[in-house]
file my_file.csv (CSV, C-alpha atoms)
chain,number,residue,atom,x,y,z
K,1,MET,CA,25.1,-35.6,-54.7
K,2,ALA,CA,26.5,-39.0,-53.9
K,3,PRO,CA,30.3,-39.3,-53.5
K,4,VAL,CA,30.7,-41.6,-56.6
K,5,VAL,CA,29.1,-39.1,-58.9
K,6,GLY,CA,31.1,-36.2,-57.4
K,7,ALA,CA,34.3,-38.1,-58.0
K,8,GLY,CA,33.3,-38.8,-61.5
K,9,GLU,CA,32.5,-35.2,-62.2
K,10,ARG,CA,36.0,-34.1,-60.9
K,11,LEU,CA,37.8,-36.7,-63.0
K,12,ALA,CA,35.7,-35.9,-66.0
K,13,ALA,CA,36.7,-32.3,-65.7
K,14,MET,CA,40.4,-33.2,-65.5
K,15,HIS,CA,40.2,-35.4,-68.6
K,16,GLY,CA,37.8,-33.1,-70.5
K,17,TRP,CA,35.0,-35.6,-70.8
K,18,THR,CA,32.2,-33.1,-71.3
K,19,GLN,CA,29.6,-35.8,-71.8
K,20,LEU,CA,30.1,-37.2,-68.3
K,21,GLU,CA,30.2,-33.7,-66.8
K,22,GLU,CA,26.8,-32.9,-68.3
K,23,LEU,CA,25.4,-36.3,-67.3
K,24,VAL,CA,26.5,-35.8,-63.7
K,25,ARG,CA,25.1,-32.2,-63.4
K,26,ALA,CA,21.8,-33.2,-65.0
K,27,GLU,CA,21.5,-36.0,-62.4
K,28,ALA,CA,22.4,-33.7,-59.5
K,29,VAL,CA,19.7,-31.2,-60.6
K,30,ALA,CA,17.1,-34.0,-61.0
K,31,ALA,CA,17.7,-35.5,-57.5
K,32,ARG,CA,15.0,-34.8,-55.0
K,33,PRO,CA,16.2,-33.1,-51.8
K,34,LEU,CA,15.8,-35.0,-48.6
K,35,ALA,CA,14.0,-32.1,-47.1
K,36,ASP,CA,11.2,-32.5,-49.7
K,37,LEU,CA,10.4,-36.1,-48.4
K,38,LYS,CA,8.4,-36.9,-45.3
K,39,ALA,CA,7.1,-40.0,-43.5
K,40,GLY,CA,4.0,-41.3,-45.2
K,41,ASP,CA,4.9,-40.3,-48.7
K,42,THR,CA,4.5,-42.9,-51.5
K,43,VAL,CA,7.4,-43.3,-53.9
K,44,ASP,CA,8.6,-45.7,-56.6
K,45,GLY,CA,12.2,-47.0,-56.8
K,46,THR,CA,14.7,-49.3,-58.4
K,47,VAL,CA,16.7,-52.0,-56.5
K,48,ILE,CA,20.4,-51.2,-56.8
K,49,VAL,CA,22.3,-52.7,-53.9
K,50,ARG,CA,21.6,-55.9,-51.9
K,51,ARG,CA,22.5,-56.2,-48.2
K,52,LYS,CA,23.9,-59.5,-47.1
K,53,LYS,CA,22.0,-59.4,-43.8
K,54,GLY,CA,18.7,-58.5,-45.4
K,55,GLY,CA,17.1,-55.4,-47.0
K,56,VAL,CA,18.0,-53.6,-50.2
K,57,PHE,CA,18.9,-50.1,-51.1
K,58,VAL,CA,16.5,-48.5,-53.6
K,59,ASP,CA,17.0,-45.5,-55.9
K,60,ILE,CA,13.9,-43.4,-55.4
K,61,GLY,CA,15.3,-40.3,-57.2
K,62,SER,CA,16.5,-38.6,-54.1
K,63,GLU,CA,19.9,-37.3,-53.0
K,64,VAL,CA,20.6,-40.6,-51.2
K,65,ASN,CA,19.3,-44.1,-51.7
K,66,ALA,CA,16.5,-45.4,-49.5
K,67,LEU,CA,16.9,-48.5,-47.3
K,68,LEU,CA,14.1,-51.0,-47.8
K,69,ASP,CA,14.1,-53.3,-44.8
K,70,GLY,CA,11.7,-54.9,-42.2
K,71,ALA,CA,10.9,-58.2,-43.9
K,72,HIS,CA,12.5,-61.6,-43.8
K,73,PRO,CA,15.9,-61.8,-45.7
K,74,SER,CA,14.6,-64.6,-47.8
K,75,LEU,CA,12.1,-62.2,-49.4
K,76,PHE,CA,14.8,-59.7,-50.4
K,77,ALA,CA,16.9,-62.5,-51.9
K,78,ARG,CA,14.1,-63.0,-54.5
K,79,LEU,CA,14.4,-59.5,-55.8
K,80,ASP,CA,16.6,-58.7,-58.7
K,81,LEU,CA,18.9,-55.8,-59.1
K,82,GLN,CA,17.4,-53.1,-61.3
K,83,GLU,CA,13.9,-54.3,-60.5
K,84,ARG,CA,11.3,-51.6,-60.3
K,85,LEU,CA,9.2,-51.4,-57.1
K,86,GLU,CA,6.1,-49.3,-57.0
K,87,GLY,CA,4.1,-48.1,-54.0
K,88,LEU,CA,6.9,-47.8,-51.4
K,89,THR,CA,6.0,-45.9,-48.2
K,90,VAL,CA,8.5,-43.5,-46.6
K,91,GLU,CA,8.8,-44.5,-43.0
K,92,ARG,CA,11.6,-42.2,-41.8
K,93,VAL,CA,13.7,-39.3,-43.2
K,94,GLU,CA,16.7,-38.1,-41.3
K,95,VAL,CA,18.2,-35.1,-43.1
K,96,ASP,CA,21.2,-34.7,-40.7
K,97,GLN,CA,22.2,-38.4,-41.1
K,98,ARG,CA,21.2,-38.4,-44.8
K,99,ARG,CA,19.1,-41.5,-44.4
K,100,ILE,CA,15.7,-42.6,-45.8
K,101,ASP,CA,13.9,-45.7,-44.7
K,102,VAL,CA,11.0,-47.1,-46.8
K,103,SER,CA,8.7,-50.1,-46.5
K,104,PHE,CA,6.9,-52.2,-49.1
K,105,ALA,CA,3.7,-53.7,-47.8
K,106,GLY,CA,3.2,-55.8,-50.8
K,107,LEU,CA,6.6,-57.4,-50.9
K,108,ALA,CA,5.5,-60.9,-49.9
K,109,ASP,CA,2.8,-61.0,-52.6
K,110,PHE,CA,5.2,-59.4,-55.1
K,111,VAL,CA,7.7,-62.3,-54.8
K,112,ALA,CA,5.2,-65.1,-53.9
K,113,ASP,CA,5.5,-66.9,-57.2
K,114,ARG,CA,9.3,-66.8,-57.3
K,115,PRO,CA,11.3,-69.8,-56.1
K,116,PRO,CA,13.3,-69.3,-52.9
K,117,ARG,CA,17.0,-68.7,-53.2
K,118,GLY,CA,19.9,-68.0,-50.8
K,119,PHE,CA,22.3,-65.1,-50.9
K,120,LYS,CA,25.2,-67.3,-52.1
K,121,GLU,CA,23.2,-68.3,-55.1
K,122,VAL,CA,22.1,-64.7,-55.8
K,123,ALA,CA,25.8,-63.6,-55.5
K,124,ARG,CA,26.9,-66.3,-58.0
K,125,ILE,CA,24.2,-65.3,-60.5
K,126,GLU,CA,25.1,-61.7,-60.3
K,127,ARG,CA,28.8,-62.3,-60.5
K,128,ASN,CA,28.3,-64.4,-63.7
K,129,ALA,CA,26.0,-61.8,-65.3
K,130,GLY,CA,28.7,-60.9,-67.8
K,131,GLU,CA,29.5,-57.4,-68.9
K,132,LYS,CA,25.9,-56.2,-68.8
K,133,LEU,CA,25.9,-52.6,-67.4
K,134,ARG,CA,23.5,-51.3,-64.8
K,135,SER,CA,22.6,-47.7,-64.4
K,136,MET,CA,22.6,-46.7,-60.8
K,137,ARG,CA,23.3,-43.9,-58.3
K,138,LEU,CA,25.4,-44.9,-55.3
K,139,ASP,CA,26.2,-43.2,-52.1
K,140,GLY,CA,29.2,-44.3,-50.2
K,141,SER,CA,27.2,-45.0,-47.1
K,142,ASP,CA,25.1,-47.5,-49.0
K,143,LEU,CA,27.8,-50.1,-49.3
K,144,GLN,CA,30.1,-52.1,-47.1
K,145,ARG,CA,33.0,-54.2,-48.1
K,146,HIS,CA,31.2,-57.5,-48.3
K,147,GLU,CA,28.3,-55.9,-50.1
K,148,SER,CA,30.4,-54.8,-53.1
K,149,LYS,CA,30.6,-58.4,-54.5
K,150,GLY,CA,29.1,-58.8,-58.0
K,151,VAL,CA,28.5,-55.0,-58.4
K,152,MET,CA,30.3,-53.2,-61.2
K,153,LEU,CA,29.7,-49.5,-61.5
K,154,LYS,CA,30.5,-47.9,-64.8
K,155,LEU,CA,30.3,-44.2,-65.6
K,156,VAL,CA,30.5,-42.7,-69.1
K,157,GLY,CA,34.2,-42.2,-69.7
K,158,GLY,CA,35.3,-45.7,-68.7
K,159,PHE,CA,35.4,-45.8,-64.9
K,160,VAL,CA,34.9,-49.0,-63.0
K,161,LEU,CA,34.3,-49.6,-59.3
K,162,ASP,CA,37.5,-51.1,-57.9
K,163,CYS,CA,36.7,-51.5,-54.2
K,164,VAL,CA,34.7,-50.4,-51.2
K,165,ASP,CA,36.6,-49.8,-48.0
K,166,GLU,CA,35.2,-50.5,-44.5
K,167,ASP,CA,34.4,-46.8,-44.0
K,168,GLY,CA,32.2,-46.7,-47.1
K,169,THR,CA,34.8,-45.0,-49.3
K,170,LEU,CA,34.5,-45.9,-53.0
K,171,THR,CA,37.5,-46.3,-55.2
K,172,LEU,CA,37.2,-45.7,-59.0
K,173,LEU,CA,39.7,-46.7,-61.6
K,174,LEU,CA,40.0,-46.1,-65.3
K,175,GLU,CA,38.9,-49.2,-67.0
K,176,GLU,CA,42.3,-49.8,-68.7
K,177,GLU,CA,44.1,-49.5,-65.3
K,178,GLY,CA,41.6,-51.9,-63.6
K,179,ASN,CA,42.3,-54.5,-66.3
K,180,LYS,CA,46.1,-54.5,-65.8
K,181,SER,CA,47.4,-57.7,-64.3
K,182,SER,CA,50.7,-56.2,-63.1
K,183,GLY,CA,52.5,-52.9,-62.6
K,184,SER,CA,50.0,-50.4,-61.2
K,185,ILE,CA,48.0,-52.8,-59.0
K,186,GLU,CA,50.0,-54.4,-56.2
K,187,ASP,CA,49.3,-58.0,-55.1
K,188,PRO,CA,48.5,-57.7,-51.3
K,189,PHE,CA,48.9,-61.5,-50.9
K,190,GLN,CA,52.3,-61.8,-52.7
K,191,GLY,CA,54.2,-64.9,-51.6
K,192,LEU,CA,51.1,-66.7,-50.4
K,193,VAL,CA,49.4,-69.6,-52.3
K,194,VAL,CA,46.2,-71.6,-52.1
K,195,LYS,CA,46.3,-74.6,-49.7
K,196,GLN,CA,49.3,-73.0,-47.8
K,197,ASN,CA,49.3,-73.7,-44.1
K,198,LEU,CA,50.1,-70.8,-41.8
K,199,LEU,CA,49.6,-69.4,-38.3
K,200,GLY,CA,47.0,-66.6,-38.4
K,201,THR,CA,45.5,-64.2,-35.8
K,202,VAL,CA,41.8,-63.5,-35.5
K,203,ARG,CA,41.7,-59.7,-36.0
K,204,SER,CA,38.2,-58.3,-36.3
K,205,ARG,CA,34.5,-58.9,-36.7
K,206,VAL,CA,32.0,-56.0,-37.5
K,207,ALA,CA,28.3,-56.0,-37.0
K,208,ASN,CA,28.3,-59.7,-35.9
K,209,GLY,CA,29.1,-60.6,-39.4
K,210,GLU,CA,32.2,-61.9,-41.2
K,211,THR,CA,35.4,-62.6,-39.2
K,212,TRP,CA,38.8,-61.5,-40.5
K,213,ALA,CA,42.3,-62.7,-39.8
K,214,GLU,CA,45.8,-61.4,-40.1
K,215,ILE,CA,47.9,-63.9,-42.1
K,216,GLY,CA,51.1,-61.9,-42.7
K,217,ALA,CA,49.8,-60.1,-45.8
K,218,LYS,CA,49.0,-56.5,-46.5
K,219,LYS,CA,45.3,-57.2,-46.3
K,220,LEU,CA,43.2,-59.3,-43.9
K,221,ALA,CA,41.7,-62.7,-45.0
K,222,ARG,CA,38.2,-63.7,-44.4
K,223,ILE,CA,37.7,-66.8,-42.2
K,224,MET,CA,35.2,-69.2,-43.9
K,225,GLY,CA,33.2,-72.0,-42.2
K,226,PRO,CA,29.9,-72.6,-40.5
K,227,GLU,CA,28.8,-69.2,-39.2
K,228,ASP,CA,27.7,-70.5,-35.8
K,229,LEU,CA,31.2,-71.8,-35.3
K,230,VAL,CA,33.3,-69.1,-36.8
K,231,LYS,CA,31.6,-66.4,-34.6
K,232,LEU,CA,32.9,-68.3,-31.6
K,233,LEU,CA,36.5,-67.5,-32.5
K,234,ARG,CA,38.0,-64.8,-30.2
K,235,VAL,CA,39.7,-61.7,-31.4
K,236,GLY,CA,43.4,-62.0,-30.8
K,237,GLU,CA,43.3,-65.8,-30.9
K,238,LYS,CA,46.2,-67.4,-32.8
K,239,ILE,CA,45.3,-70.5,-34.8
K,240,ASP,CA,46.4,-72.7,-37.6
K,241,MET,CA,44.8,-71.8,-40.9
K,242,VAL,CA,44.8,-73.0,-44.5
K,243,ILE,CA,44.4,-70.6,-47.5
K,244,LYS,CA,41.3,-71.6,-49.4
K,245,THR,CA,41.1,-69.0,-52.2
K,246,ILE,CA,43.1,-65.9,-53.3
K,247,LYS,CA,41.7,-63.3,-55.7
K,248,ARG,CA,44.7,-61.2,-56.3
K,249,LYS,CA,43.2,-58.6,-58.6
K,250,GLN,CA,40.3,-58.1,-56.2
K,251,GLY,CA,42.6,-58.1,-53.2
K,252,LEU,CA,40.6,-60.8,-51.4
K,253,ALA,CA,41.6,-64.1,-49.7
K,254,ASP,CA,39.6,-66.7,-47.8
K,255,VAL,CA,41.0,-69.1,-45.2
K,256,ILE,CA,39.6,-72.1,-43.3
K,257,VAL,CA,40.4,-73.4,-39.8
K,258,PRO,CA,41.1,-77.1,-39.6
K,259,GLY,CA,39.5,-78.7,-36.6
K,260,LEU,CA,37.3,-75.6,-36.0
K,261,LYS,CA,34.5,-77.6,-34.4
K,262,ASP,CA,36.7,-79.1,-31.8
K,263,ARG,CA,38.5,-75.8,-31.1
K,264,VAL,CA,35.3,-73.9,-30.2
K,265,ALA,CA,33.6,-76.8,-28.5
K,266,GLY,CA,31.9,-75.7,-25.3
K,267,ARG,CA,32.1,-72.0,-26.0
K,268,ALA,CA,28.5,-71.6,-27.1
K,269,ALA,CA,27.2,-73.0,-23.8
K,270,LYS,CA,29.1,-70.4,-21.8
K,271,GLN,CA,27.5,-67.5,-23.7
K,272,THR,CA,24.9,-65.3,-22.1
K,273,GLN,CA,21.5,-65.5,-23.8
K,274,LEU,CA,20.0,-62.1,-24.8
K,275,LYS,CA,17.0,-62.6,-22.7
K,276,ASP,CA,19.3,-62.7,-19.7
K,277,VAL,CA,21.1,-59.4,-20.6
K,278,GLU,CA,20.0,-56.7,-18.2
K,279,VAL,CA,19.4,-53.2,-19.5
K,280,GLY,CA,21.3,-50.6,-17.4
K,281,SER,CA,23.9,-53.1,-16.2
K,282,LEU,CA,27.7,-52.4,-16.6
K,283,VAL,CA,29.6,-55.1,-18.4
K,284,THR,CA,33.1,-55.6,-19.6
K,285,GLY,CA,34.0,-56.8,-23.1
K,286,VAL,CA,36.7,-56.9,-25.8
K,287,VAL,CA,36.6,-54.7,-28.9
K,288,GLU,CA,36.2,-56.8,-32.0
K,289,GLY,CA,35.2,-54.2,-34.6
K,290,ARG,CA,35.3,-50.5,-35.2
K,291,PHE,CA,33.0,-48.3,-37.3
K,292,THR,CA,33.3,-44.6,-38.0
K,293,ARG,CA,30.0,-43.6,-39.7
K,294,PHE,CA,26.8,-42.4,-38.1
K,295,LYS,CA,24.3,-45.2,-38.1
K,296,ASP,CA,20.8,-45.7,-36.6
K,297,GLY,CA,21.0,-42.6,-34.4
K,298,PHE,CA,24.5,-43.3,-33.2
K,299,ARG,CA,26.7,-40.2,-33.2
K,300,GLY,CA,30.5,-40.5,-33.2
K,301,GLY,CA,32.5,-43.7,-33.5
K,302,THR,CA,30.9,-47.0,-32.9
K,303,LEU,CA,32.6,-50.1,-31.4
K,304,TRP,CA,31.5,-53.7,-31.7
K,305,VAL,CA,32.2,-55.3,-28.3
K,306,ASN,CA,32.1,-59.0,-27.4
K,307,PHE,CA,30.9,-59.2,-23.8
K,308,GLY,CA,30.2,-62.9,-23.6
K,309,ALA,CA,26.7,-62.9,-25.0
K,310,THR,CA,25.4,-64.6,-28.1
K,311,VAL,CA,25.9,-61.4,-30.1
K,312,ALA,CA,28.4,-58.5,-29.8
K,313,ALA,CA,27.1,-55.2,-28.5
K,314,ARG,CA,27.1,-52.0,-30.7
K,315,VAL,CA,28.6,-49.5,-28.3
K,316,GLN,CA,28.5,-45.7,-28.9
K,317,CYS,CA,31.7,-43.9,-28.3
K,318,PRO,CA,31.0,-40.1,-28.5
K,319,GLY,CA,34.6,-39.0,-27.9
K,320,ARG,CA,36.7,-39.4,-31.0
K,321,ARG,CA,39.9,-39.7,-28.9
K,322,ASP,CA,38.4,-42.4,-26.8
K,323,TRP,CA,37.3,-44.2,-30.0
K,324,GLN,CA,40.8,-44.0,-31.4
K,325,LYS,CA,42.2,-45.5,-28.2
K,326,ALA,CA,39.8,-48.4,-28.3
K,327,GLU,CA,41.9,-50.6,-30.6
K,328,LEU,CA,40.9,-54.1,-31.6
K,329,GLY,CA,41.4,-56.5,-28.7
K,330,THR,CA,41.1,-53.7,-26.1
K,331,LYS,CA,39.1,-54.4,-22.9
K,332,LEU,CA,36.5,-51.8,-21.9
K,333,LYS,CA,33.5,-51.3,-19.7
K,334,PHE,CA,30.2,-50.1,-21.1
K,335,LYS,CA,26.5,-49.7,-20.0
K,336,ILE,CA,23.8,-51.8,-21.6
K,337,GLU,CA,21.3,-49.2,-23.1
K,338,LYS,CA,19.0,-51.5,-25.1
K,339,VAL,CA,18.3,-55.1,-25.9
K,340,ASP,CA,16.2,-55.9,-28.9
K,341,LEU,CA,15.3,-59.6,-28.9
K,342,ASP,CA,13.5,-59.5,-32.2
K,343,LYS,CA,16.5,-58.1,-34.0
K,344,SER,CA,19.1,-59.9,-31.9
K,345,ARG,CA,20.8,-56.6,-31.1
K,346,VAL,CA,22.4,-55.0,-28.1
K,347,ASP,CA,23.2,-51.3,-27.9
K,348,GLY,CA,25.5,-49.8,-25.3
K,349,PHE,CA,27.2,-46.6,-24.2
K,350,LEU,CA,30.9,-46.3,-23.3
K,351,LYS,CA,31.4,-45.9,-19.5
K,352,TYR,CA,34.1,-43.4,-18.6
call {"tool": "encode", "arguments": {"input": "my_file.csv", "output": "structure tokens"}}
result
Amino acid sequence: MAPVVGAGERLAAMHGWTQLEELVRAEAVAARPLADLKAGDTVDGTVIVRRKKGGVFVDIGSEVNALLDGAHPSLFARLDLQERLEGLTVERVEVDQRRIDVSFAGLADFVADRPPRGFKEVARIERNAGEKLRSMRLDGSDLQRHESKGVMLKLVGGFVLDCVDEDGTLTLLLEEEGNKSSGSIEDPFQGLVVKQNLLGTVRSRVANGETWAEIGAKKLARIMGPEDLVKLLRVGEKIDMVIKTIKRKQGLADVIVPGLKDRVAGRAAKQTQLKDVEVGSLVTGVVEGRFTRFKDGFRGGTLWVNFGATVAARVQCPGRRDWQKAELGTKLKFKIEKVDLDKSRVDGFLKY
């Protein structure tokens, strides 16, 4: 069963919440094993988690949630959480990696009469949805840190979803503990205030997504700004920043970089275009992100490496010791294994 439910079951047993225990066990029995699913099967599901870069996770009644992807992100933005989708087709089942991929041939027609909307608008709507509860089954591998926004998970017994770490670990709190404004929950940005000027260091970027900076706090801050400019910042670069927002209870902070456009001027022109990246070539790059889970056939730790192209490469690092040594900012050499122009993705393998 998914990690969240397992955690709820253990906590329920500790506190004697028989109702939650029975609910969890009933759900576990009802879940369809992955081994019973095969490519070509037709299933129905419920949208439960939205991915920022496109696609949604759908609860199809199996042990893990299925990933619905393959269409333009704007189509997925028109779907609502808890929306029922019928006639999904199972495209791939990977039992070892606990992954299910599905497709929805009628998605474009399904949302054709709905007005277009961006992910920022969707996130705002879902954040302001009030205290309406949503029933869902979550697996830790379904969520990443930036995808936890606007999602509140409640289990019978008063649990709330507190945070989602970068490795997919979910943290549950008792509701009364989560509502405390002081005492048990520490402020990771203590001493810092909005509009404060400071010197920060670009620290990491995972999956060619959001960029994070060290600002002298216990947690990293997200760098905000035009995506095409922010992604040109280099890991390890020290720059002047201004704190834009701080959400102390959520442990989140955003910063901006004054003069960002001038600072990165000329860098885009020096980048190698994907069409010019040669498969089989050996290149050198700088580690800008680290990822521990299996993903898309990758085994072992995964590194995101900036090698001077328009996107960072996703590099497989099969040896755990080698992965641990590859800290952020480390230079390393790897082999280009695959270049996907349609998905703007480069895969590589660490060269020993």
call {"tool": "residues_around", "arguments": {"input": "my_file.csv", "residues": "Val346 in chain K", "least_positions_apart": "5", "cutoff": "7 Å", "atoms": "all atoms listed in the file", "output": "ChimeraX atom specification"}}
result
/K:313-314,338-340
call {"tool": "atom_distance", "arguments": {"input": "my_file.csv", "atom1": "CA of Gly225 in chain K", "atom2": "CA of Val287 in chain K"}}
result
22.1 Å
call {"tool": "residues_around", "arguments": {"input": "my_file.csv", "residues": "Val279 in chain K", "least_positions_apart": "2", "cutoff": "10 Å", "atoms": "only C-alpha atoms", "output": "list in words"}}
result
Asp276, Val277, Ser281, Leu282, Lys335, Ile336, Glu337, Lys338, Val339, Val346, Asp347 and Gly348 of chain K
call {"tool": "write_last_selection", "arguments": {"input": "my_file.csv", "atoms": "C-alpha atoms", "output": "PDB file, in the frame of the given file"}}
result
ATOM      1  CA  ASP K 276      19.300 -62.700 -19.700  1.00  0.00           C
ATOM      2  CA  VAL K 277      21.100 -59.400 -20.600  1.00  0.00           C
ATOM      3  CA  SER K 281      23.900 -53.100 -16.200  1.00  0.00           C
ATOM      4  CA  LEU K 282      27.700 -52.400 -16.600  1.00  0.00           C
ATOM      5  CA  LYS K 335      26.500 -49.700 -20.000  1.00  0.00           C
ATOM      6  CA  ILE K 336      23.800 -51.800 -21.600  1.00  0.00           C
ATOM      7  CA  GLU K 337      21.300 -49.200 -23.100  1.00  0.00           C
ATOM      8  CA  LYS K 338      19.000 -51.500 -25.100  1.00  0.00           C
ATOM      9  CA  VAL K 339      18.300 -55.100 -25.900  1.00  0.00           C
ATOM     10  CA  VAL K 346      22.400 -55.000 -28.100  1.00  0.00           C
ATOM     11  CA  ASP K 347      23.200 -51.300 -27.900  1.00  0.00           C
ATOM     12  CA  GLY K 348      25.500 -49.800 -25.300  1.00  0.00           C
TER      13      GLY K 348
END
call {"tool": "closest_residue", "arguments": {"input": "my_file.csv", "among": "K:Arg203, K:Lys38, K:Lys261, K:Arg84", "to": "Pro226 in chain K", "atoms": "all atoms listed in the file"}}
result
K:Lys261
call {"tool": "atom_distance", "arguments": {"input": "my_file.csv", "atom1": "CA of Phe57 in chain K", "atom2": "CA of Asp342 in chain K"}}
result
21.8 Å
call {"tool": "atom_distance", "arguments": {"input": "my_file.csv", "atom1": "CA of Thr310 in chain K", "atom2": "CA of Leu232 in chain K"}}
result
9.1 Å
call {"tool": "residues_around", "arguments": {"input": "my_file.csv", "residues": "Ile246 in chain K", "least_positions_apart": "4", "cutoff": "12 Å", "atoms": "all atoms listed in the file", "output": "number ranges by chain"}}
result
K: 187-196, 217, 219-222, 242, 250-255
call {"tool": "residues_around", "arguments": {"input": "my_file.csv", "residues": "range 46-51 of chain K", "least_positions_apart": "6", "cutoff": "7 Å", "atoms": "only C-alpha atoms", "output": "PyMOL selection string"}}
result
chain K and resi 57-60+81-85+136+147
call {"tool": "residues_around", "arguments": {"input": "my_file.csv", "residues": "Ala213 in chain K", "least_positions_apart": "6", "cutoff": "12 Å", "atoms": "all atoms listed in the file", "output": "PyMOL selection string"}}
result
chain K and resi 198-205+219-224+230+233-243+252-257+288+328
call {"tool": "write_last_selection", "arguments": {"input": "my_file.csv", "atoms": "C-alpha atoms", "output": "short mmCIF file (atom, residue, chain, number, x, y, z; two decimals), in the frame of the given file"}}
result
data_model
loop_
_atom_site.label_atom_id
_atom_site.label_comp_id
_atom_site.auth_asym_id
_atom_site.auth_seq_id
_atom_site.Cartn_x
_atom_site.Cartn_y
_atom_site.Cartn_z
CA LEU K 198 50.10 -70.80 -41.80
CA LEU K 199 49.60 -69.40 -38.30
CA GLY K 200 47.00 -66.60 -38.40
CA THR K 201 45.50 -64.20 -35.80
CA VAL K 202 41.80 -63.50 -35.50
CA ARG K 203 41.70 -59.70 -36.00
CA SER K 204 38.20 -58.30 -36.30
CA ARG K 205 34.50 -58.90 -36.70
CA LYS K 219 45.30 -57.20 -46.30
CA LEU K 220 43.20 -59.30 -43.90
CA ALA K 221 41.70 -62.70 -45.00
CA ARG K 222 38.20 -63.70 -44.40
CA ILE K 223 37.70 -66.80 -42.20
CA MET K 224 35.20 -69.20 -43.90
CA VAL K 230 33.30 -69.10 -36.80
CA LEU K 233 36.50 -67.50 -32.50
CA ARG K 234 38.00 -64.80 -30.20
CA VAL K 235 39.70 -61.70 -31.40
CA GLY K 236 43.40 -62.00 -30.80
CA GLU K 237 43.30 -65.80 -30.90
CA LYS K 238 46.20 -67.40 -32.80
CA ILE K 239 45.30 -70.50 -34.80
CA ASP K 240 46.40 -72.70 -37.60
CA MET K 241 44.80 -71.80 -40.90
CA VAL K 242 44.80 -73.00 -44.50
CA ILE K 243 44.40 -70.60 -47.50
CA LEU K 252 40.60 -60.80 -51.40
CA ALA K 253 41.60 -64.10 -49.70
CA ASP K 254 39.60 -66.70 -47.80
CA VAL K 255 41.00 -69.10 -45.20
CA ILE K 256 39.60 -72.10 -43.30
CA VAL K 257 40.40 -73.40 -39.80
CA GLU K 288 36.20 -56.80 -32.00
CA LEU K 328 40.90 -54.10 -31.60
#
call {"tool": "closest_residue", "arguments": {"input": "my_file.csv", "among": "K:Lys218, K:Lys275, K:Lys325, K:Arg117", "to": "Ala309 in chain K", "atoms": "all atoms listed in the file"}}
result
K:Lys275
call {"tool": "closest_residue", "arguments": {"input": "my_file.csv", "among": "K:Thr284, K:Ser74, K:Thr42, K:Gln273", "to": "Gly55 in chain K", "atoms": "only C-alpha atoms"}}
result
K:Ser74
call {"tool": "closest_residue", "arguments": {"input": "my_file.csv", "among": "K:Arg321, K:Arg78, K:Arg267, K:Arg32", "to": "Asn65 in chain K", "atoms": "only C-alpha atoms"}}
result
K:Arg32
call {"tool": "closest_residue", "arguments": {"input": "my_file.csv", "among": "K:Lys231, K:Gln324, K:Ala108, K:Gln316", "to": "Gly209 in chain K", "atoms": "all atoms listed in the file"}}
result
K:Lys231
call {"tool": "residues_near_point", "arguments": {"input": "my_file.csv", "point": "(2.2, -48.7, -51.5)", "cutoff": "12 Å", "atoms": "only C-alpha atoms", "output": "PyMOL selection string"}}
result
chain K and resi 40-45+85-91+102-107+110
